[in-house]
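Colleague: Structure below; questions to follow.
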Amino acid sequence: MMSLERKDLKLLAEARLEKGGVRKGYNMRTLHLDVGTRSVTEKKVSEEMKRKFVGGKGFGLKLLWDATRPETKWDSPENEIVIAMGPICGNTNYPGSGKSLVVALSPMTGIPIDSNVGGYFGPYLKFSGFDALELQGKADRETIVFIDGNEGIVQFYESPADIPADTHLLAEILTHTFAKDGASKDGASKEGASKDGASKDAKDLQSVAVVSAGRGADHSPMGLLNFSLYDKRRAGIRVKQAGRGGIGKVLRDKRIRAVVCRFKGVNSDSNDAADPAAVQRIGLKLHREIVQNDDKQCKMRKQGTAHLMEVMNDYDLLPTKNHKYGQDPKGPEIASWVWEKLLSQDLPDGCWYGCTMACAHAVDKFELETGPYKGQKVCVDGPEYETAAGVGSNLYVYDPHGILEMNFYCDTYGIDTISFGTTMSFLMECWEHGVLDADRTDGIDLAWGNWKGAIQVLHDLADGKRFGVLMGKGVKFLAKHFSREYGADPQFMKDIALHGKGLEQSEYISKESLAQQGGYYLTNKGPQHDEAWLIFMDMVNNRIPSFEQKAEALHYFPMFRTWFGLQGLCKLPWNDVEPADNARHAEPNKVPEHVANYRELYTAITGEDLSPEEMILQSERVYNFQRTFNVRQGHGHRDEDWPPYRAMGPVLEDEYEARAERYDKQMKEKIGIDPAGKSLKEKVAITRDYRMKQYSSLIDAVFKRRGWTPDGCPRPEHLREIGMDLPEVLAVAEARMAGKI
Amino acid sequence: MIKYLRTMDEKCVGCMTCTAVCSRLYFKDENPAKSDIQVFELALGKFHLVACDQECRKCVSECPTQAITVAKTGVVMLDKSLCVGCLACVAVCPTGAMRWYPGLKHPFKCIACGACAKRCPKDALEIAEKEDSPASRAWSDAIALVRKEGQ
Ligand code: SF4
Ligand code: SF4
Ligand code: SF4
């Protein structure tokens, strides 16, 4: 590994920071860095900002709103990357408490994106004295930003020209560069030292966290941010991804090579809880629940989110061939037990201290077969469910090796596996239908299942080659491009390009669940699995049959789930483990005991009471603020919340046939038309017509429930009612009502 | 060999001398809730003693900061300077020998120092040694050993 000493880096500018300190979960201060002017500004957080925006994603969106204008584009210098934490973030007791929320105007959608990510950067930044970090401006040269929370200093360095850009190398090098020199006296293990011969011990290495992208992010709007953590047992870095929406592209557009934060001295007091004993008690309760129940429930400690693979395949919900099908007999070849064997077991793989759910698994000593690191043995972070489905079944790849290889390269190149997977599956379907051929793909064979072809496109993207870069533009662009350039049927292209607002859909089959179509597409930032996951409730258990019930679920769940992002929490410990008696509660889907834990935890940390109503209101304010932000940027219209038809029903005749029984039955019972004697073509058309109408009615019901106009703008009176009554926010909603936006 | 505190329930009369000694030694407080050795009253005047057996090492595997290690004597030790107080070790401990006290920053456990054994009037406690078998090792230890042997 390249060794890089701090003294050999060219220092461009530096500034001292005022000493701060967390009080009851808040610093009440944020840090603004302009990488263009290399200026450093500390901003106070007002009581009003705390009350209305709470923290995390709320703070991120508020700061981004103030920093940008309606005309701001993703690549305007004033666009920001905001990394914000939230009051609960950083406590070491409650599993899932180390998330950073990253916000920016997205290169894929043009509106704010927010992404929730683990790794140590956020908590370290918080303990360095800040509730959020704004990165603004554009540097005139490749820059490394360093925040030293112990010394109270910010430095801008010129990034050396020869430093590798791919994350698995870059973040490892910088972790060593910025770890404090000299072994600490406390007898920590010396694994770090033995690895590179320098005198840095594991504890010092563990106190450094790096945010970086990779070469792919230079060439594609689906570039992501990797957040590192130093793994003592593996004696190397691990990375977690702020994957969605292209924030890595924004980082690279600003010519930021990496942002590094160092903080040593985390302990259970670092977050200064109002009632530390209560935090311990609530945390320990969940630790015990996880230790006792996980093996009988989700097996997160052994398999991570990949435990879902066979469940989804069994329920016909695992994306297969660009979401055309939901299962395949080959499904078991990439089932959870396959991953359990590959993932290293019995390691405390939390993405922050104290997460005993420990889903952040890795495959160690994985030998690569392709690309620039061919033949090397690497640590692959994951695969998580979304990746295993996205670059696995959805590409008809059932070779775990192929999945792991794409997983590794996407990460290190800084490319979102979900957008990559969904785009690649679109390309493979285009190949199947003759829209693409070897002439058009620069000779790469994109037949279903050919992962070597898929990964070649990824390598070409990282190298900036033509077809790779074209693929990296995502399905929204490609659908138009292929009809324009290659004469593909525009409607078919539109139907199978799985995106909303420009963001590729994540990896669940939504077409048989109207509520989940809403869960994906009636969202602020585009179709992701962050807001609502209603498939089981709706399709499998049929608990929310009416439009009103669906609308209620599409109100409650997005609001409730937004709350995690305000606090700096992970959602997985909310419902990927359940109390043994959960099913006995009236609303088991909400996991009531865990919701109660969260309210208690909030109070134990901030010292402030939180009623169930206020909990939802905290989210509702920010959710509606975000929607109004979309409106301000000229978006947030009803027609932008519409799914491509592949996400709603069968596009093709053979797709209809694959589920003919279901569709025929629906036609008879729900539509009131007898399918007998109808041609396949007619049946596809009848189903389509019906489903489009259903979705339109769903939009009406959901927008009404959310307090929005039929065109999707929050009504000013609703904003006042929930307390999101800032004049600048009301002004946007009023202008839209008056037809001025 | 593993050094450990051997407990003999059948000799214990529940006088709580051991808990007093231990909590005074490590916390300057006479409080059974702050003692590394625990005495549980069963029915019929019988008692059950709990202290770490230094053998299962579940806490060693679980600790995210490697604050818990096995000393040369075989005793499982907790380095407070590395501990972030997450209490994961408390949750995985199968016997409840890894302890916590509300508001204290770090968990605590028996380190087989023997102070309690010296003062037990009924000789219900003693420092003893037992074989260190690979089966008793944490997964990570076992792997490390195999690797070493392979070299
Ligand atoms: S459940 Fe997984 S993603 Fe969530 S905090 Fe724990 S380790 Fe991180
Ligand atoms: S409480 Fe301390 S010793 Fe126990 S697992 Fe957590 S960090 Fe390790
Ligand atoms: S888990 Fe409990 S019994 Fe096992 S070694 Fe640790 S403290 Fe001792």
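Letters for chains follow the order of the structure tokens (A, B, ...), residue numbers begin at 1 for each chain, and ligand numbers begin at 1 in the order shown.
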Report as a list in words all protein, DNA and RNA residues lying within 8 Å of Pro383 (chain A), evaluated on only C-alpha atoms, omitting residues in the same chain fewer than 5 positions from it.

Modeller: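 Listing them by chain and then by number gives Ala306, His361, Ala362, Ala388, Ile403, Leu404 and Asn407 of chain A.
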
Colleague: With N, CA, C and O atoms kept, could you save the residues just selected as a compact mmCIF listing (two decimals), in the first residue's frame?

Modeller:
# COMPACT_ATOMS: atom_id res chain seq x y z
N ALA A 306 -29.32 -9.84 3.44
CA ALA A 306 -29.42 -10.92 2.43
C ALA A 306 -30.33 -12.04 2.91
O ALA A 306 -30.66 -12.94 2.16
N HIS A 361 -21.94 -7.10 7.27
CA HIS A 361 -21.03 -8.22 7.07
C HIS A 361 -20.13 -8.03 5.87
O HIS A 361 -20.32 -7.12 5.06
N ALA A 362 -19.16 -8.91 5.76
CA ALA A 362 -18.24 -8.83 4.63
C ALA A 362 -17.76 -10.22 4.25
O ALA A 362 -17.73 -11.13 5.08
N ALA A 388 -27.62 -7.92 -3.83
CA ALA A 388 -27.74 -9.30 -4.28
C ALA A 388 -28.90 -9.45 -5.27
O ALA A 388 -28.84 -10.22 -6.22
N ILE A 403 -21.87 -11.72 -8.40
CA ILE A 403 -22.54 -10.70 -7.58
C ILE A 403 -21.51 -9.99 -6.70
O ILE A 403 -21.48 -8.77 -6.60
N LEU A 404 -20.64 -10.79 -6.07
CA LEU A 404 -19.65 -10.19 -5.18
C LEU A 404 -18.67 -9.31 -5.95
O LEU A 404 -18.26 -8.25 -5.47
N ASN A 407 -20.42 -6.15 -6.71
CA ASN A 407 -20.56 -5.45 -5.44
C ASN A 407 -19.26 -4.71 -5.10
O ASN A 407 -19.24 -3.50 -4.82

Colleague: May I ask you to extract the residues of chain A within 8 Å of chain B, using only C-alpha atoms, and to give them as a PyMOL selection string?

Modeller: chain A and resi 92-94+186+188+203+232+266-269+276-278+280-281+284+287-288+291+346-350+353-354+356

Colleague: Could those selected residues go to a file with N, CA, C and O atoms, as a CSV table (one decimal), in the first residue's frame?

Modeller:
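Result written to selection.csv:
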chain,number,residue,atom,x,y,z
A,92,THR,N,-23.8,5.1,22.2
A,92,THR,CA,-23.2,3.8,21.9
A,92,THR,C,-24.0,2.7,22.5
A,92,THR,O,-23.6,1.5,22.5
A,93,ASN,N,-25.2,3.0,23.0
A,93,ASN,CA,-26.0,1.9,23.6
A,93,ASN,C,-27.1,1.3,22.8
A,93,ASN,O,-27.3,0.1,22.9
A,94,TYR,N,-27.8,2.2,22.1
A,94,TYR,CA,-28.9,1.7,21.4
A,94,TYR,C,-28.5,1.2,20.0
A,94,TYR,O,-28.0,2.0,19.2
A,186,ASP,N,-2.0,3.2,25.9
A,186,ASP,CA,-2.9,2.3,26.5
A,186,ASP,C,-2.9,0.9,26.2
A,186,ASP,O,-3.8,0.1,26.5
A,188,ALA,N,-3.2,-0.7,23.3
A,188,ALA,CA,-4.1,-1.2,22.2
A,188,ALA,C,-3.3,-2.1,21.3
A,188,ALA,O,-2.1,-2.1,21.3
A,203,LYS,N,-6.0,1.6,17.7
A,203,LYS,CA,-6.9,2.6,18.3
A,203,LYS,C,-6.8,3.9,17.5
A,203,LYS,O,-7.8,4.6,17.4
A,232,LYS,N,-10.8,-3.2,13.4
A,232,LYS,CA,-9.6,-3.7,14.0
A,232,LYS,C,-9.3,-5.1,13.8
A,232,LYS,O,-8.2,-5.6,13.6
A,266,VAL,N,-14.1,8.4,22.0
A,266,VAL,CA,-15.5,8.1,22.2
A,266,VAL,C,-15.8,7.3,23.4
A,266,VAL,O,-15.0,6.3,23.7
A,267,ASN,N,-16.7,7.7,24.2
A,267,ASN,CA,-17.2,6.8,25.3
A,267,ASN,C,-18.7,7.0,25.5
A,267,ASN,O,-19.3,7.7,24.7
A,268,SER,N,-19.2,6.3,26.5
A,268,SER,CA,-20.7,6.3,26.6
A,268,SER,C,-21.2,7.7,27.0
A,268,SER,O,-22.4,7.9,26.9
A,269,ASP,N,-20.3,8.6,27.4
A,269,ASP,CA,-20.8,9.9,27.7
A,269,ASP,C,-20.7,10.9,26.6
A,269,ASP,O,-21.1,12.1,26.7
A,276,PRO,N,-28.2,9.1,31.3
A,276,PRO,CA,-27.4,8.0,30.8
A,276,PRO,C,-27.9,6.7,31.2
A,276,PRO,O,-27.8,5.7,30.4
A,277,ALA,N,-28.3,6.5,32.4
A,277,ALA,CA,-28.8,5.2,32.9
A,277,ALA,C,-29.9,4.7,32.1
A,277,ALA,O,-30.0,3.5,31.8
A,278,ALA,N,-30.8,5.6,31.7
A,278,ALA,CA,-32.0,5.2,30.9
A,278,ALA,C,-31.6,4.8,29.5
A,278,ALA,O,-32.1,3.8,29.0
A,280,GLN,N,-28.8,3.4,28.8
A,280,GLN,CA,-28.2,2.1,28.9
A,280,GLN,C,-29.2,1.0,29.0
A,280,GLN,O,-29.2,0.0,28.4
A,281,ARG,N,-30.2,1.4,29.9
A,281,ARG,CA,-31.3,0.4,30.1
A,281,ARG,C,-32.1,0.0,28.8
A,281,ARG,O,-32.3,-1.1,28.5
A,284,LEU,N,-29.7,-1.9,26.4
A,284,LEU,CA,-29.4,-3.2,26.8
A,284,LEU,C,-30.7,-4.1,26.6
A,284,LEU,O,-30.5,-5.3,26.2
A,287,HIS,N,-30.4,-4.9,23.0
A,287,HIS,CA,-29.3,-5.9,22.8
A,287,HIS,C,-29.7,-7.3,23.1
A,287,HIS,O,-29.5,-8.2,22.4
A,288,ARG,N,-30.4,-7.4,24.2
A,288,ARG,CA,-30.8,-8.8,24.7
A,288,ARG,C,-31.8,-9.4,23.8
A,288,ARG,O,-31.8,-10.6,23.4
A,291,VAL,N,-29.9,-10.5,20.7
A,291,VAL,CA,-29.1,-11.7,21.0
A,291,VAL,C,-30.0,-13.0,21.1
A,291,VAL,O,-29.7,-14.0,20.6
A,346,ASP,N,-19.4,-14.6,13.2
A,346,ASP,CA,-19.0,-14.3,14.5
A,346,ASP,C,-18.1,-13.1,14.7
A,346,ASP,O,-17.2,-13.1,15.5
A,347,LEU,N,-18.3,-12.1,13.9
A,347,LEU,CA,-17.6,-10.9,14.1
A,347,LEU,C,-18.6,-9.8,14.4
A,347,LEU,O,-19.7,-9.8,13.9
A,348,PRO,N,-18.2,-8.8,15.2
A,348,PRO,CA,-19.2,-7.8,15.6
A,348,PRO,C,-19.3,-6.8,14.5
A,348,PRO,O,-18.8,-5.7,14.6
A,349,ASP,N,-20.0,-7.1,13.4
A,349,ASP,CA,-20.1,-6.3,12.2
A,349,ASP,C,-21.1,-5.1,12.3
A,349,ASP,O,-22.0,-5.1,11.5
A,350,GLY,N,-21.0,-4.3,13.3
A,350,GLY,CA,-21.9,-3.1,13.4
A,350,GLY,C,-21.3,-2.0,12.6
A,350,GLY,O,-20.0,-1.9,12.5
A,353,TYR,N,-20.4,1.6,16.8
A,353,TYR,CA,-20.3,0.9,18.1
A,353,TYR,C,-21.7,0.6,18.6
A,353,TYR,O,-22.6,1.5,18.6
A,354,GLY,N,-21.8,-0.5,19.2
A,354,GLY,CA,-23.1,-0.8,19.9
A,354,GLY,C,-24.2,-1.3,19.1
A,354,GLY,O,-25.3,-1.5,19.6
A,356,THR,N,-25.5,-4.3,17.9
A,356,THR,CA,-25.5,-5.8,18.0
A,356,THR,C,-26.3,-6.5,16.9
A,356,THR,O,-26.2,-7.7,16.7

Colleague: DSSP on the backbone, alpha helix (DSSP H) only: what residues of region 22-159 of chain A does that give? Format it as an NGL selection string.

Modeller: :A and (47-53 or 57-67 or 121-127)

Colleague: Write the residues of the selection above to a file with N, CA and C atoms, as an mmCIF file, in the first residue's frame.

Modeller:
data_model
loop_
_atom_site.group_PDB
_atom_site.id
_atom_site.type_symbol
_atom_site.label_atom_id
_atom_site.label_comp_id
_atom_site.auth_asym_id
_atom_site.auth_seq_id
_atom_site.Cartn_x
_atom_site.Cartn_y
_atom_site.Cartn_z
ATOM 1 N N GLU A 47 -32.879 27.959 18.353
ATOM 2 C CA GLU A 47 -33.907 27.136 18.996
ATOM 3 C C GLU A 47 -35.020 26.810 18.007
ATOM 4 N N GLU A 48 -35.338 27.805 17.164
ATOM 5 C CA GLU A 48 -36.405 27.575 16.193
ATOM 6 C C GLU A 48 -36.021 26.472 15.202
ATOM 7 N N MET A 49 -34.762 26.503 14.761
ATOM 8 C CA MET A 49 -34.298 25.467 13.819
ATOM 9 C C MET A 49 -34.371 24.096 14.486
ATOM 10 N N LYS A 50 -33.971 24.034 15.733
ATOM 11 C CA LYS A 50 -34.025 22.754 16.444
ATOM 12 C C LYS A 50 -35.474 22.280 16.560
ATOM 13 N N ARG A 51 -36.365 23.196 16.894
ATOM 14 C CA ARG A 51 -37.766 22.807 17.085
ATOM 15 C C ARG A 51 -38.415 22.347 15.782
ATOM 16 N N LYS A 52 -38.143 23.083 14.731
ATOM 17 C CA LYS A 52 -38.845 22.763 13.482
ATOM 18 C C LYS A 52 -38.174 21.648 12.677
ATOM 19 N N PHE A 53 -36.869 21.539 12.792
ATOM 20 C CA PHE A 53 -36.159 20.585 11.914
ATOM 21 C C PHE A 53 -35.509 19.422 12.663
ATOM 22 N N LYS A 57 -31.516 14.753 8.813
ATOM 23 C CA LYS A 57 -32.033 15.144 7.509
ATOM 24 C C LYS A 57 -32.775 16.490 7.568
ATOM 25 N N GLY A 58 -33.423 16.766 8.695
ATOM 26 C CA GLY A 58 -34.119 18.044 8.853
ATOM 27 C C GLY A 58 -33.130 19.199 8.769
ATOM 28 N N PHE A 59 -32.037 19.091 9.515
ATOM 29 C CA PHE A 59 -31.008 20.135 9.463
ATOM 30 C C PHE A 59 -30.399 20.205 8.062
ATOM 31 N N GLY A 60 -30.156 19.040 7.500
ATOM 32 C CA GLY A 60 -29.528 18.993 6.171
ATOM 33 C C GLY A 60 -30.363 19.740 5.140
ATOM 34 N N LEU A 61 -31.667 19.457 5.133
ATOM 35 C CA LEU A 61 -32.539 20.095 4.144
ATOM 36 C C LEU A 61 -32.653 21.591 4.385
ATOM 37 N N LYS A 62 -32.732 21.961 5.646
ATOM 38 C CA LYS A 62 -32.851 23.388 5.983
ATOM 39 C C LYS A 62 -31.591 24.147 5.516
ATOM 40 N N LEU A 63 -30.428 23.587 5.801
ATOM 41 C CA LEU A 63 -29.190 24.256 5.401
ATOM 42 C C LEU A 63 -29.088 24.316 3.874
ATOM 43 N N LEU A 64 -29.515 23.246 3.221
ATOM 44 C CA LEU A 64 -29.446 23.206 1.758
ATOM 45 C C LEU A 64 -30.409 24.226 1.143
ATOM 46 N N TRP A 65 -31.574 24.318 1.700
ATOM 47 C CA TRP A 65 -32.563 25.314 1.232
ATOM 48 C C TRP A 65 -31.967 26.722 1.304
ATOM 49 N N ASP A 66 -31.369 27.022 2.461
ATOM 50 C CA ASP A 66 -30.820 28.369 2.651
ATOM 51 C C ASP A 66 -29.633 28.641 1.727
ATOM 52 N N ALA A 67 -28.922 27.578 1.364
ATOM 53 C CA ALA A 67 -27.694 27.771 0.581
ATOM 54 C C ALA A 67 -27.954 27.868 -0.914
ATOM 55 N N PHE A 121 -17.877 8.443 10.401
ATOM 56 C CA PHE A 121 -17.683 9.870 10.126
ATOM 57 C C PHE A 121 -18.675 10.761 10.892
ATOM 58 N N GLY A 122 -19.964 10.426 10.794
ATOM 59 C CA GLY A 122 -20.985 11.284 11.400
ATOM 60 C C GLY A 122 -20.808 11.443 12.897
ATOM 61 N N PRO A 123 -20.751 10.318 13.636
ATOM 62 C CA PRO A 123 -20.545 10.454 15.070
ATOM 63 C C PRO A 123 -19.251 11.197 15.428
ATOM 64 N N TYR A 124 -18.180 10.955 14.686
ATOM 65 C CA TYR A 124 -16.918 11.659 14.996
ATOM 66 C C TYR A 124 -17.063 13.159 14.760
ATOM 67 N N LEU A 125 -17.763 13.492 13.687
ATOM 68 C CA LEU A 125 -17.985 14.908 13.396
ATOM 69 C C LEU A 125 -18.808 15.551 14.509
ATOM 70 N N LYS A 126 -19.793 14.811 14.973
ATOM 71 C CA LYS A 126 -20.637 15.330 16.034
ATOM 72 C C LYS A 126 -19.813 15.564 17.310
ATOM 73 N N PHE A 127 -18.974 14.597 17.652
ATOM 74 C CA PHE A 127 -18.174 14.754 18.866
ATOM 75 C C PHE A 127 -17.047 15.774 18.671
#

Colleague: Restricting the calculation to only C-alpha atoms: of A:Arg233, A:Lys330, A:Lys180, A:His499, which residue gets closest to Asp364 (chain A)?

Modeller: A:Arg233

Colleague: So which residues are near ligand 1, meaning at most 8 Å away with only C-alpha atoms and all ligand atoms counted, given back as number ranges by chain?

Modeller: A: 95-99, 117-119, 300, 304, 349-352, 355-360, 569-573

Colleague: I'd like the neighbourhood of region 625-636 of chain A as a PyMOL selection string, where a residue qualifies if any of its atoms comes within 9 Å (using only C-alpha atoms), though same-chain residues fewer than 2 positions away should be ignored.

Modeller: chain A and resi 58+61-62+65+69-72+110-112+523-525+620-623+638-641+711-714+719+724+729-730+732-733+736+741

Colleague: Taking only C-alpha atoms and all ligand atoms into account, which residues are within 9 Å of ligand 3, as a VMD selection string?

Modeller: chain B and resid 51 to 62 68 70 75 to 77 89 to 99 108 to 110

Colleague: Give me every strand (DSSP E or B) residue in region 378-539 of chain A, going by DSSP on the backbone, as a list in words.

Modeller: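 Written out, the strand (DSSP E or B) residues of region 378-539 of chain A are Val378, Cys379, Val380, Asp381, Ile415, His499, Gly500, Leu503 and Glu504 of chain A.
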
Colleague: Just to be explicit: take each residue in the selection above, keep N, CA and C atoms, and write the result as a PDB file, in the first residue's frame.

Modeller:
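Final file, again24.pdb:
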ATOM      1  N   VAL A 378      -9.471  -9.316  -1.765  1.00  0.00           N
ATOM      2  CA  VAL A 378     -10.018  -8.100  -1.156  1.00  0.00           C
ATOM      3  C   VAL A 378     -11.137  -8.455  -0.177  1.00  0.00           C
ATOM      4  N   CYS A 379     -11.523  -7.439   0.590  1.00  0.00           N
ATOM      5  CA  CYS A 379     -12.663  -7.570   1.496  1.00  0.00           C
ATOM      6  C   CYS A 379     -13.870  -6.927   0.813  1.00  0.00           C
ATOM      7  N   VAL A 380     -14.934  -7.692   0.620  1.00  0.00           N
ATOM      8  CA  VAL A 380     -16.130  -7.154  -0.033  1.00  0.00           C
ATOM      9  C   VAL A 380     -17.171  -6.825   1.037  1.00  0.00           C
ATOM     10  N   ASP A 381     -17.564  -5.563   1.104  1.00  0.00           N
ATOM     11  CA  ASP A 381     -18.601  -5.160   2.060  1.00  0.00           C
ATOM     12  C   ASP A 381     -19.959  -5.535   1.519  1.00  0.00           C
ATOM     13  N   ILE A 415     -19.968   3.693  -7.197  1.00  0.00           N
ATOM     14  CA  ILE A 415     -21.192   3.601  -8.007  1.00  0.00           C
ATOM     15  C   ILE A 415     -22.271   2.880  -7.194  1.00  0.00           C
ATOM     16  N   HIS A 499     -37.594   3.964 -13.246  1.00  0.00           N
ATOM     17  CA  HIS A 499     -37.128   5.099 -12.443  1.00  0.00           C
ATOM     18  C   HIS A 499     -38.306   5.999 -12.108  1.00  0.00           C
ATOM     19  N   GLY A 500     -38.122   6.803 -11.101  1.00  0.00           N
ATOM     20  CA  GLY A 500     -39.076   7.854 -10.802  1.00  0.00           C
ATOM     21  C   GLY A 500     -38.264   9.115 -10.596  1.00  0.00           C
ATOM     22  N   LEU A 503     -34.461   8.748 -10.661  1.00  0.00           N
ATOM     23  CA  LEU A 503     -33.766   7.810  -9.768  1.00  0.00           C
ATOM     24  C   LEU A 503     -34.263   6.396 -10.043  1.00  0.00           C
ATOM     25  N   GLU A 504     -33.330   5.475 -10.202  1.00  0.00           N
ATOM     26  CA  GLU A 504     -33.719   4.093 -10.471  1.00  0.00           C
ATOM     27  C   GLU A 504     -34.432   3.481  -9.266  1.00  0.00           C
TER      28      GLU A 504
END

Colleague: Quick one: pull the distance between CA of Arg484 (chain A) and CA of Arg440 (chain A), Å, one decimal.

Modeller: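 So the two atoms, CA of Arg484 (chain A) and CA of Arg440 (chain A), lie 13.8 Å apart.
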
Colleague: Take CA of Val338 (chain A) and CA of Lys296 (chain A) and report the distance between them in Å, one decimal.

Modeller: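 Atom-to-atom, CA of Val338 (chain A) to CA of Lys296 (chain A), that is 17.8 Å.
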
Colleague: Got a sec: who's within 12 Å of Ile334 (chain A), counting only C-alpha atoms, leaving out chain neighbours fewer than 4 positions off, as a PyMOL selection string?

Modeller: chain A and resi 306-313+318+327-330+338-342+383-385+387-389+391-394+396-404
